[in-house]
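Next up, target-v6.cif (mmCIF, C-alpha atoms):
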```cif
data_structure
#
loop_
_atom_site.label_atom_id
_atom_site.label_comp_id
_atom_site.auth_asym_id
_atom_site.auth_seq_id
_atom_site.Cartn_x
_atom_site.Cartn_y
_atom_site.Cartn_z
CA MET A 621 -14.25 -15.78 -1.25
CA LYS A 622 -15.92 -13.24 0.97
CA LEU A 623 -12.90 -12.20 3.04
CA LYS A 624 -12.86 -8.75 1.50
CA GLY A 625 -16.35 -8.15 2.88
CA LYS A 626 -15.17 -9.01 6.38
CA ASN A 627 -12.79 -6.08 6.41
CA PRO A 628 -14.44 -2.99 7.82
CA GLY A 629 -13.95 0.35 6.15
CA LYS A 630 -10.73 2.23 6.70
CA LEU A 631 -10.11 5.77 7.90
CA PHE A 632 -7.75 7.69 5.62
CA VAL A 633 -6.39 10.84 7.22
CA PHE A 634 -4.99 13.41 4.79
CA SER A 635 -2.84 16.06 6.27
CA GLY A 636 0.05 18.33 5.42
CA PRO A 637 1.23 21.91 5.30
CA SER A 638 -1.08 24.64 4.07
CA GLY A 639 -0.76 25.02 0.31
CA ALA A 640 0.28 21.40 -0.29
CA GLY A 641 -3.12 20.82 -1.87
CA LYS A 642 -4.73 18.26 0.43
CA GLY A 643 -8.14 19.88 -0.03
CA THR A 644 -8.00 19.60 -3.82
CA ILE A 645 -6.86 15.98 -3.62
CA CYS A 646 -9.67 15.07 -1.20
CA LYS A 647 -12.25 16.79 -3.43
CA LYS A 648 -11.10 14.68 -6.39
CA LEU A 649 -11.21 11.52 -4.29
CA LEU A 650 -14.79 12.26 -3.24
CA GLU A 651 -15.76 12.81 -6.88
CA GLU A 652 -14.01 9.77 -8.27
CA THR A 653 -14.26 7.08 -5.58
CA ASP A 654 -16.71 5.64 -3.03
CA LEU A 655 -14.84 7.17 -0.12
CA GLU A 656 -16.97 9.44 2.08
CA LEU A 657 -15.95 12.59 3.90
CA SER A 658 -16.06 12.75 7.68
CA VAL A 659 -18.44 15.54 8.76
CA SER A 660 -17.09 17.88 11.44
CA MET A 661 -19.04 19.13 14.44
CA THR A 662 -19.00 22.81 15.39
CA THR A 663 -20.53 25.24 17.85
CA ARG A 664 -20.48 28.14 15.41
CA LYS A 665 -23.80 29.25 13.93
CA PRO A 666 -24.84 27.76 10.57
CA ARG A 667 -24.29 30.07 7.61
CA GLU A 668 -26.88 30.46 4.91
CA GLY A 669 -27.24 27.28 2.88
CA GLU A 670 -25.36 25.09 5.36
CA VAL A 671 -27.19 21.87 6.18
CA ASP A 672 -26.91 20.15 9.58
CA GLY A 673 -25.26 16.74 9.19
CA VAL A 674 -23.89 17.62 5.75
CA SER A 675 -21.83 20.81 6.00
CA TYR A 676 -21.33 20.29 9.71
CA PHE A 677 -23.07 18.79 12.69
CA PHE A 678 -24.19 21.94 14.54
CA GLU A 679 -24.10 21.64 18.31
CA THR A 680 -24.47 23.91 21.34
CA LYS A 681 -21.43 24.76 23.41
CA GLU A 682 -22.81 22.71 26.32
CA GLY A 683 -23.57 19.75 24.07
CA PHE A 684 -20.08 19.90 22.57
CA GLU A 685 -18.41 20.09 25.97
CA GLN A 686 -20.41 17.12 27.21
CA LYS A 687 -19.27 15.11 24.19
CA ILE A 688 -15.68 16.11 24.96
CA ALA A 689 -16.15 14.89 28.55
CA GLU A 690 -17.55 11.60 27.25
CA GLY A 691 -14.56 11.09 24.94
CA ASN A 692 -16.68 11.31 21.80
CA PHE A 693 -14.16 13.08 19.57
CA LEU A 694 -11.34 11.78 17.43
CA GLU A 695 -9.96 15.32 17.78
CA TYR A 696 -11.26 18.79 18.55
CA ALA A 697 -9.96 22.31 18.87
CA GLU A 698 -11.22 25.71 19.94
CA VAL A 699 -10.82 28.46 17.33
CA TYR A 700 -11.86 32.05 18.05
CA GLY A 701 -14.28 30.94 20.77
CA ASN A 702 -15.93 28.17 18.72
CA TYR A 703 -15.31 24.45 18.96
CA TYR A 704 -14.61 22.34 15.90
CA GLY A 705 -14.12 18.59 16.08
CA THR A 706 -14.46 15.18 14.47
CA PRO A 707 -17.14 13.19 16.28
CA LYS A 708 -16.18 9.55 16.68
CA GLY A 709 -19.66 7.97 16.35
CA PRO A 710 -20.52 8.82 12.72
CA VAL A 711 -17.02 7.79 11.56
CA LEU A 712 -17.14 4.42 13.35
CA GLU A 713 -20.65 3.75 11.98
CA LYS A 714 -19.44 4.23 8.41
CA LEU A 715 -16.37 2.09 9.00
CA ALA A 716 -18.56 -0.70 10.42
CA LYS A 717 -20.65 -0.61 7.23
CA GLY A 718 -17.46 -1.10 5.21
CA ILE A 719 -17.35 2.50 4.01
CA ASP A 720 -13.94 4.14 3.77
CA VAL A 721 -13.83 7.55 5.39
CA ILE A 722 -11.72 10.58 4.43
CA LEU A 723 -10.56 13.03 7.05
CA GLU A 724 -8.83 16.18 5.82
CA ILE A 725 -7.14 17.90 8.68
CA ASP A 726 -4.15 19.94 9.77
CA ILE A 727 -1.11 18.27 11.28
CA GLN A 728 -1.95 18.93 14.94
CA GLY A 729 -5.41 17.47 14.39
CA ALA A 730 -4.03 14.42 12.61
CA LEU A 731 -1.70 13.69 15.53
CA LYS A 732 -4.68 13.72 17.91
CA VAL A 733 -6.64 11.41 15.59
CA LYS A 734 -3.70 9.06 15.62
CA GLU A 735 -3.80 8.90 19.42
CA ASN A 736 -7.50 8.08 19.38
CA TYR A 737 -7.62 5.85 16.30
CA PRO A 738 -4.16 4.43 15.56
CA GLU A 739 -5.70 1.99 13.01
CA GLY A 740 -6.20 4.97 10.71
CA ILE A 741 -4.00 5.36 7.64
CA PHE A 742 -2.10 8.62 7.78
CA VAL A 743 -1.11 10.27 4.52
CA PHE A 744 1.09 13.36 4.42
CA ILE A 745 0.57 15.54 1.36
CA LEU A 746 3.77 17.38 0.44
CA PRO A 747 4.39 20.34 -1.84
CA PRO A 748 6.94 19.57 -4.58
CA SER A 749 9.30 22.25 -3.27
CA LEU A 750 9.35 25.35 -1.11
CA SER A 751 9.62 27.54 -4.21
CA VAL A 752 6.46 26.01 -5.68
CA LEU A 753 4.72 26.44 -2.32
CA ARG A 754 5.84 30.09 -2.27
CA LYS A 755 4.36 30.59 -5.75
CA ARG A 756 1.07 28.93 -4.76
CA LEU A 757 0.70 31.04 -1.63
CA THR A 758 1.68 34.22 -3.51
CA GLY A 759 -0.87 33.33 -6.20
CA ARG A 760 -3.66 33.30 -3.62
CA GLY A 761 -2.92 36.97 -3.05
CA THR A 762 -4.19 36.86 0.53
CA GLU A 763 -0.90 37.29 2.37
CA THR A 764 2.07 39.64 2.28
CA ALA A 765 5.46 38.40 1.14
CA GLU A 766 6.65 38.55 4.76
CA ALA A 767 3.73 36.49 6.01
CA ILE A 768 4.43 33.93 3.30
CA GLU A 769 8.08 33.60 4.34
CA LEU A 770 6.97 33.07 7.94
CA ARG A 771 4.58 30.42 6.74
CA LEU A 772 7.33 28.66 4.77
CA GLY A 773 9.44 28.55 7.94
CA GLU A 774 6.43 27.02 9.70
CA THR A 775 6.11 24.47 6.90
CA LEU A 776 9.68 23.28 7.43
CA LYS A 777 8.85 22.71 11.10
CA GLU A 778 5.69 20.81 10.19
CA LEU A 779 7.67 18.47 7.94
CA SER A 780 9.33 17.08 11.06
CA TYR A 781 6.11 15.22 11.87
CA ILE A 782 6.49 13.07 8.75
CA ASP A 783 7.55 10.06 10.82
CA LYS A 784 4.10 9.88 12.41
CA TYR A 785 2.65 9.15 8.97
CA ASP A 786 2.34 5.93 6.98
CA TYR A 787 2.55 7.43 3.51
CA CYS A 788 3.64 10.62 1.85
CA VAL A 789 2.50 11.89 -1.52
CA VAL A 790 4.21 14.77 -3.30
CA ASN A 791 1.59 16.95 -4.95
CA GLY A 792 3.40 18.29 -7.99
CA ASP A 793 1.08 17.03 -10.72
CA LEU A 794 -2.45 16.79 -9.28
CA ASP A 795 -3.61 13.81 -11.37
CA GLU A 796 -0.49 11.87 -10.48
CA ALA A 797 -0.95 12.65 -6.78
CA VAL A 798 -4.61 11.57 -6.90
CA ALA A 799 -3.67 8.33 -8.69
CA ARG A 800 -1.09 7.65 -6.01
CA VAL A 801 -3.58 8.28 -3.22
CA LYS A 802 -6.10 5.97 -4.90
CA ALA A 803 -3.42 3.28 -5.15
CA ILE A 804 -2.82 3.64 -1.41
CA THR A 805 -6.53 3.07 -0.67
CA VAL A 806 -6.58 -0.04 -2.89
CA ALA A 807 -3.36 -1.46 -1.47
CA GLU A 808 -4.55 -0.97 2.11
CA HIS A 809 -7.54 -3.19 1.33
CA SER A 810 -5.18 -5.87 0.02
CA LYS A 811 -3.21 -6.11 3.25
CA VAL A 812 -3.32 -9.41 5.10
CA THR A 813 -5.57 -8.53 8.03
CA PHE A 814 -6.95 -11.98 8.86
CA SER A 815 -5.54 -15.16 10.34
CA ALA A 816 -4.65 -18.29 8.40
CA GLU A 817 -7.52 -20.06 10.20
CA GLU A 818 -10.04 -17.48 8.98
CA LEU A 819 -8.76 -17.82 5.43
CA VAL A 820 -8.93 -21.62 5.42
CA GLU A 821 -12.44 -21.55 6.93
CA SER A 822 -13.69 -19.11 4.30
CA TYR A 823 -12.47 -21.44 1.54
CA LYS A 824 -13.97 -24.54 3.16
CA GLU A 825 -17.34 -22.82 3.49
CA GLU A 826 -17.46 -22.26 -0.26
CA ALA A 827 -15.96 -25.58 -1.33
CA MET B 427 11.80 17.12 -4.28
CA LYS B 428 14.16 14.28 -5.06
CA LEU B 429 13.30 11.97 -2.16
CA LYS B 430 11.65 9.48 -4.48
CA GLY B 431 14.95 9.03 -6.27
CA LYS B 432 16.65 8.18 -2.99
CA ASN B 433 14.46 5.13 -2.52
CA PRO B 434 16.06 2.06 -3.96
CA GLY B 435 14.00 -0.39 -5.97
CA LYS B 436 11.80 -2.86 -4.18
CA LEU B 437 11.60 -6.63 -4.43
CA PHE B 438 8.04 -7.85 -4.98
CA VAL B 439 7.64 -11.56 -4.31
CA PHE B 440 4.54 -13.13 -5.86
CA SER B 441 3.58 -16.49 -4.54
CA GLY B 442 0.55 -18.68 -3.97
CA PRO B 443 -0.97 -22.07 -4.65
CA SER B 444 -0.67 -23.66 -8.08
CA GLY B 445 -3.54 -22.54 -10.31
CA ALA B 446 -4.06 -19.23 -8.53
CA GLY B 447 -2.65 -17.47 -11.59
CA LYS B 448 0.52 -15.82 -10.26
CA GLY B 449 2.33 -16.52 -13.55
CA THR B 450 -0.33 -14.77 -15.63
CA ILE B 451 -0.38 -11.79 -13.28
CA CYS B 452 3.43 -11.45 -13.37
CA LYS B 453 3.43 -11.67 -17.19
CA LYS B 454 0.95 -8.78 -17.35
CA LEU B 455 3.02 -6.76 -14.88
CA LEU B 456 6.13 -7.24 -16.99
CA GLU B 457 4.24 -6.10 -20.10
CA GLU B 458 2.55 -3.10 -18.53
CA THR B 459 5.05 -1.71 -15.99
CA ASP B 460 8.78 -1.03 -15.55
CA LEU B 461 9.21 -3.89 -13.11
CA GLU B 462 11.82 -6.44 -14.14
CA LEU B 463 11.82 -10.18 -13.59
CA SER B 464 14.45 -11.83 -11.44
CA VAL B 465 16.41 -14.36 -13.54
CA SER B 466 16.91 -17.77 -11.91
CA MET B 467 20.13 -19.75 -11.93
CA THR B 468 20.13 -23.47 -12.79
CA THR B 469 22.50 -26.37 -13.31
CA ARG B 470 20.29 -28.01 -15.90
CA LYS B 471 21.41 -27.88 -19.56
CA PRO B 472 20.08 -25.00 -21.70
CA ARG B 473 17.27 -26.01 -24.05
CA GLU B 474 17.18 -24.83 -27.64
CA GLY B 475 16.58 -21.11 -27.84
CA GLU B 476 17.34 -20.43 -24.17
CA VAL B 477 19.77 -17.55 -23.63
CA ASP B 478 22.19 -17.41 -20.71
CA GLY B 479 21.33 -14.46 -18.45
CA VAL B 480 17.85 -14.10 -19.94
CA SER B 481 16.01 -17.43 -19.63
CA TYR B 482 18.31 -18.55 -16.83
CA PHE B 483 21.85 -18.08 -15.63
CA PHE B 484 23.37 -21.44 -16.53
CA GLU B 485 25.95 -22.70 -14.06
CA THR B 486 27.89 -25.89 -13.38
CA LYS B 487 27.01 -28.00 -10.37
CA GLU B 488 30.33 -27.10 -8.72
CA GLY B 489 29.85 -23.42 -9.43
CA PHE B 490 26.32 -23.51 -8.01
CA GLU B 491 27.44 -25.33 -4.85
CA GLN B 492 30.21 -22.82 -4.31
CA LYS B 493 27.68 -19.99 -4.56
CA ILE B 494 25.51 -21.81 -2.01
CA ALA B 495 28.51 -22.07 0.32
CA GLU B 496 29.16 -18.34 -0.11
CA GLY B 497 25.54 -17.47 0.74
CA ASN B 498 24.86 -16.06 -2.71
CA PHE B 499 21.25 -17.19 -3.06
CA LEU B 500 18.00 -15.64 -1.89
CA GLU B 501 16.66 -19.20 -2.15
CA TYR B 502 17.52 -22.41 -3.97
CA ALA B 503 16.22 -25.95 -4.27
CA GLU B 504 17.27 -29.21 -5.83
CA VAL B 505 14.72 -30.71 -8.24
CA TYR B 506 15.34 -34.07 -9.94
CA GLY B 507 19.10 -33.73 -9.52
CA ASN B 508 19.34 -30.16 -10.79
CA TYR B 509 19.71 -27.00 -8.74
CA TYR B 510 17.46 -23.99 -9.27
CA GLY B 511 17.88 -20.77 -7.34
CA THR B 512 17.59 -17.00 -7.18
CA PRO B 513 21.08 -15.47 -7.15
CA LYS B 514 21.28 -12.53 -4.79
CA GLY B 515 23.77 -10.36 -6.73
CA PRO B 516 21.74 -9.53 -9.87
CA VAL B 517 18.65 -8.74 -7.75
CA LEU B 518 20.54 -6.40 -5.41
CA GLU B 519 22.20 -4.66 -8.38
CA LYS B 520 18.81 -3.86 -9.91
CA LEU B 521 17.41 -2.68 -6.58
CA ALA B 522 20.40 -0.37 -6.11
CA LYS B 523 19.68 1.18 -9.51
CA GLY B 524 16.11 1.88 -8.36
CA ILE B 525 14.60 -0.90 -10.45
CA ASP B 526 11.74 -2.88 -8.92
CA VAL B 527 12.19 -6.61 -9.23
CA ILE B 528 9.53 -9.31 -9.57
CA LEU B 529 10.11 -12.76 -8.16
CA GLU B 530 7.48 -15.39 -8.99
CA ILE B 531 7.97 -18.37 -6.76
CA ASP B 532 6.25 -21.17 -4.86
CA ILE B 533 5.44 -20.77 -1.19
CA GLN B 534 8.42 -22.70 0.19
CA GLY B 535 10.73 -20.57 -1.95
CA ALA B 536 9.06 -17.35 -0.85
CA LEU B 537 9.55 -18.24 2.81
CA LYS B 538 13.28 -18.71 2.20
CA VAL B 539 13.48 -15.38 0.36
CA LYS B 540 11.80 -13.76 3.34
CA GLU B 541 14.52 -15.12 5.65
CA ASN B 542 17.24 -13.74 3.40
CA TYR B 543 15.59 -10.48 2.34
CA PRO B 544 12.88 -9.49 4.84
CA GLU B 545 12.64 -6.02 3.21
CA GLY B 546 10.89 -7.72 0.27
CA ILE B 547 7.17 -7.19 -0.24
CA PHE B 548 5.37 -10.52 -0.14
CA VAL B 549 2.15 -10.86 -2.12
CA PHE B 550 -0.01 -14.00 -1.89
CA ILE B 551 -2.12 -14.65 -4.98
CA LEU B 552 -5.33 -16.46 -4.07
CA PRO B 553 -7.84 -18.33 -6.22
CA PRO B 554 -11.40 -16.96 -5.82
CA SER B 555 -12.63 -20.31 -4.47
CA LEU B 556 -11.69 -23.98 -4.35
CA SER B 557 -14.40 -24.77 -6.92
CA VAL B 558 -12.92 -22.25 -9.38
CA LEU B 559 -9.46 -23.68 -8.70
CA ARG B 560 -10.83 -27.19 -9.34
CA LYS B 561 -12.26 -26.00 -12.69
CA ARG B 562 -8.98 -24.34 -13.70
CA LEU B 563 -6.94 -27.43 -12.87
CA THR B 564 -9.46 -29.71 -14.61
CA GLY B 565 -9.37 -27.41 -17.66
CA ARG B 566 -5.61 -27.91 -17.97
CA GLY B 567 -6.37 -31.60 -18.61
CA THR B 568 -2.99 -32.70 -17.25
CA GLU B 569 -4.14 -34.37 -14.04
CA THR B 570 -6.69 -36.99 -13.00
CA ALA B 571 -9.66 -35.99 -10.86
CA GLU B 572 -8.05 -37.76 -7.91
CA ALA B 573 -4.77 -35.91 -8.34
CA ILE B 574 -6.68 -32.64 -8.49
CA GLU B 575 -8.48 -33.37 -5.21
CA LEU B 576 -5.13 -34.14 -3.59
CA ARG B 577 -3.81 -30.85 -4.90
CA LEU B 578 -6.81 -28.96 -3.50
CA GLY B 579 -6.11 -30.49 -0.10
CA GLU B 580 -2.51 -29.31 -0.47
CA THR B 581 -3.76 -25.83 -1.38
CA LEU B 582 -5.72 -25.59 1.88
CA LYS B 583 -2.51 -26.40 3.77
CA GLU B 584 -0.59 -23.79 1.79
CA LEU B 585 -3.12 -21.11 2.73
CA SER B 586 -1.90 -21.39 6.31
CA TYR B 587 1.26 -19.49 5.33
CA ILE B 588 -0.79 -16.37 4.56
CA ASP B 589 0.38 -14.66 7.75
CA LYS B 590 3.95 -14.56 6.41
CA TYR B 591 2.75 -12.27 3.63
CA ASP B 592 2.14 -8.53 3.50
CA TYR B 593 -0.65 -8.52 0.93
CA CYS B 594 -3.11 -10.94 -0.62
CA VAL B 595 -4.83 -10.52 -3.95
CA VAL B 596 -7.76 -12.70 -5.00
CA ASN B 597 -7.42 -13.56 -8.68
CA GLY B 598 -11.03 -13.86 -9.83
CA ASP B 599 -11.04 -11.24 -12.56
CA LEU B 600 -7.51 -11.00 -14.01
CA ASP B 601 -7.63 -7.28 -14.90
CA GLU B 602 -8.88 -6.41 -11.44
CA ALA B 603 -6.15 -8.53 -9.83
CA VAL B 604 -3.46 -6.88 -11.98
CA ALA B 605 -4.80 -3.41 -11.13
CA ARG B 606 -4.67 -4.30 -7.45
CA VAL B 607 -1.09 -5.56 -7.72
CA LYS B 608 -0.07 -2.38 -9.55
CA ALA B 609 -1.67 -0.32 -6.77
CA ILE B 610 0.42 -2.23 -4.24
CA THR B 611 3.62 -1.39 -6.12
CA VAL B 612 2.68 2.31 -6.27
CA ALA B 613 1.62 2.47 -2.61
CA GLU B 614 4.83 0.81 -1.46
CA HIS B 615 6.78 3.63 -3.12
CA SER B 616 4.67 6.17 -1.19
CA LYS B 617 5.55 4.76 2.20
CA VAL B 618 7.45 7.01 4.56
CA THR B 619 10.91 5.45 4.44
CA PHE B 620 13.01 8.45 5.37
CA SER B 621 13.57 10.47 8.51
CA ALA B 622 12.16 13.91 9.20
CA GLU B 623 15.72 15.28 9.04
CA GLU B 624 16.23 13.88 5.53
CA LEU B 625 12.94 15.37 4.39
CA VAL B 626 13.70 18.83 5.79
CA GLU B 627 17.21 18.75 4.27
CA SER B 628 15.84 17.84 0.84
CA TYR B 629 13.49 20.86 0.94
CA LYS B 630 16.20 23.22 2.15
CA GLU B 631 18.52 22.14 -0.66
CA GLU B 632 15.93 23.15 -3.24
CA ALA B 633 14.73 26.32 -1.50
#
```

What would the structure in this file look like if it were written as structure tokens?
Amino acid sequence: MKLKGKNPGKLFVFSGPSGAGKGTICKKLLEETDLELSVSMTTRKPREGEVDGVSYFFETKEGFEQKIAEGNFLEYAEVYGNYYGTPKGPVLEKLAKGIDVILEIDIQGALKVKENYPEGIFVFILPPSLSVLRKRLTGRGTETAEAIELRLGETLKELSYIDKYDYCVVNGDLDEAVARVKAITVAEHSKVTFSAEELVESYKEEA
Amino acid sequence: MKLKGKNPGKLFVFSGPSGAGKGTICKKLLEETDLELSVSMTTRKPREGEVDGVSYFFETKEGFEQKIAEGNFLEYAEVYGNYYGTPKGPVLEKLAKGIDVILEIDIQGALKVKENYPEGIFVFILPPSLSVLRKRLTGRGTETAEAIELRLGETLKELSYIDKYDYCVVNGDLDEAVARVKAITVAEHSKVTFSAEELVESYKEEA
């Protein structure tokens, strides 16, 4: 029964408040599964050791703006004078080959991706509690206590976008969260995404 | 974050053509997870060793018919003069306690359950191919070759109900099928089933 092979790859979008641990979860997924990371495009200069097409797709400002005009991004944003975005083409190519693609992105970006690719599967990574999030952010040692409290207030606001997401995973224990995310990727490939006629035909072909 | 505890249990309905292996998969699930089997009610006499409330709920014909009249079944059928059915009460009690319930049932039964409890999660167990199904049925040695061919024709008809189901799992390799079913149960508990307000409140309570 070759129905599984008919399904194209799926786009899994991981998003959530800063400090929830979406980056760590995605890193584990890349190490432990066949899912592949979406490569971003940017107009900033490559840093030493960065490889075009791997770290980022590096593009000129004019080239980037033309791609925007042509609707070639799942999402993009301008940060400190540089563009960053997720080009649509490379993602769709992987999906067509049956490869699942991971996109790790902030909440605003995820909402734009959802507009442009609603078939994506949107997973919200949550911190176990605000007090744990406070500890994690304090542990980084990069922000003042005041800045952290502001950020926690921001986090509460971000939580209100939860209803745009399909799944939520609380990242208390990392291994448990990764197992849960893997289960989501497996379950999504078990969804009924074909018609009864297609199913019957696929059985008759092999009978 | 106690949101997970707010979710009630879920009803997983496993169904599919005879010989697809839904019984074996459910047995493994019961051994390896916390899911609990729904106990059927019947008007047939208990056999030696059968325990009321465990093997079946044993009921008189009058009692059963009164429960039918009161709408107390998720589904029921009459087979050779005896009633068999899935009483609603015990299932709902388990779900309210947060226990996931397994219902293993033929396709006609599953469709009735869906009418009465559309919140259920409906999983179609598929044989890997008609030729494998033919081998399995032949291996049982309980039916003639002609009867088996009739049954395979019936199976093709049953496949047309696939679009009433949420998930389908091909049972070629049993361990793989069980792993996939487990993933579905985990993923279903990661779905966003609460409002943004509920989520924000639950964080504020713990902050």

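Proximity of B:Thr619, B:Thr570, B:Thr459, B:Ser586 to chain A, computed with all atoms listed in the file, is greatest for B:Ser586.
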
Taking the file as I've supplied it (selection: the PyMOL selection byres ((chain A) within 6 of (chain B))), which residues are included? Please answer as JSON, numbers by chain. {"A": [621, 748, 749, 750, 751, 780, 782, 786, 787, 788, 803, 804, 807, 810, 811, 812, 816, 827]}

For the structure shown, which residues end up in the PyMOL selection byres ((chain B and resi 539) around 10)? Put them as a VMD selection string, please? chain B and resid 439 499 to 502 512 514 529 531 533 to 538 540 to 546 548

Sphere at (16.4, -28.9, -3.6), radius 12 Å, counting all atoms listed in the file: residues as an mmCIF file with C-alpha atoms, keeping the file's coordinate frame:
```
data_model
loop_
_atom_site.group_PDB
_atom_site.id
_atom_site.type_symbol
_atom_site.label_atom_id
_atom_site.label_comp_id
_atom_site.auth_asym_id
_atom_site.auth_seq_id
_atom_site.Cartn_x
_atom_site.Cartn_y
_atom_site.Cartn_z
ATOM 1 C CA THR B 468 20.130 -23.470 -12.790
ATOM 2 C CA THR B 469 22.500 -26.370 -13.310
ATOM 3 C CA GLU B 491 27.440 -25.330 -4.850
ATOM 4 C CA ILE B 494 25.510 -21.810 -2.010
ATOM 5 C CA GLU B 501 16.660 -19.200 -2.150
ATOM 6 C CA TYR B 502 17.520 -22.410 -3.970
ATOM 7 C CA ALA B 503 16.220 -25.950 -4.270
ATOM 8 C CA GLU B 504 17.270 -29.210 -5.830
ATOM 9 C CA VAL B 505 14.720 -30.710 -8.240
ATOM 10 C CA TYR B 506 15.340 -34.070 -9.940
ATOM 11 C CA GLY B 507 19.100 -33.730 -9.520
ATOM 12 C CA ASN B 508 19.340 -30.160 -10.790
ATOM 13 C CA TYR B 509 19.710 -27.000 -8.740
ATOM 14 C CA TYR B 510 17.460 -23.990 -9.270
ATOM 15 C CA GLY B 511 17.880 -20.770 -7.340
ATOM 16 C CA GLN B 534 8.420 -22.700 0.190
ATOM 17 C CA GLY B 535 10.730 -20.570 -1.950
#
```

Contacts of Asn597 of chain B at 9 Å (all atoms listed in the file; same-chain gap of 4+ positions) as a PyMOL selection string: chain B and resi 446-448+451+551-554+601-604

Go through the shown structure with the PyMOL selection byres ((chain A and resi 629) around 8) and write out the matching residues as a PyMOL selection string. chain A and resi 627-628+630-631+714-721

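Atom CA of Ile574 of chain B to atom CA of Arg473 of chain B spans 29.3 Å [interatomic distance, one decimal].
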
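Take atom CA of Arg470 of chain B and atom CA of Leu576 of chain B: the distance between them is 28.9 Å.
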
Just the number, please: distance in Å from atom CA of Tyr482 of chain B to atom CA of Gly449 of chain B, one decimal.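 Those two atoms sit 16.4 Å apart.
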
Which residue out of B:Ser481, B:Thr486, B:Thr564, B:Gln492 has the minimum interatomic distance to Ser466 of chain B when only C-alpha atoms are used?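 Result for the nearest residue to Ser466 of chain B: B:Ser481.
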
Padding 5 Å on each side, edges along x, y and z: where is the centre of the box around the listed atoms of segment 597-611 of chain B, and how long are its edges in Å to one decimal? Output it as JSON.
```
{"center_x": -3.7, "center_y": -7.1, "center_z": -9.6, "size_x": 24.7, "size_y": 23.5, "size_z": 20.7}
```

Shortest interatomic distance to Asn498 of chain B - which of B:Glu569, B:Leu461, B:Val480, B:Met467, counting only C-alpha atoms: B:Met467
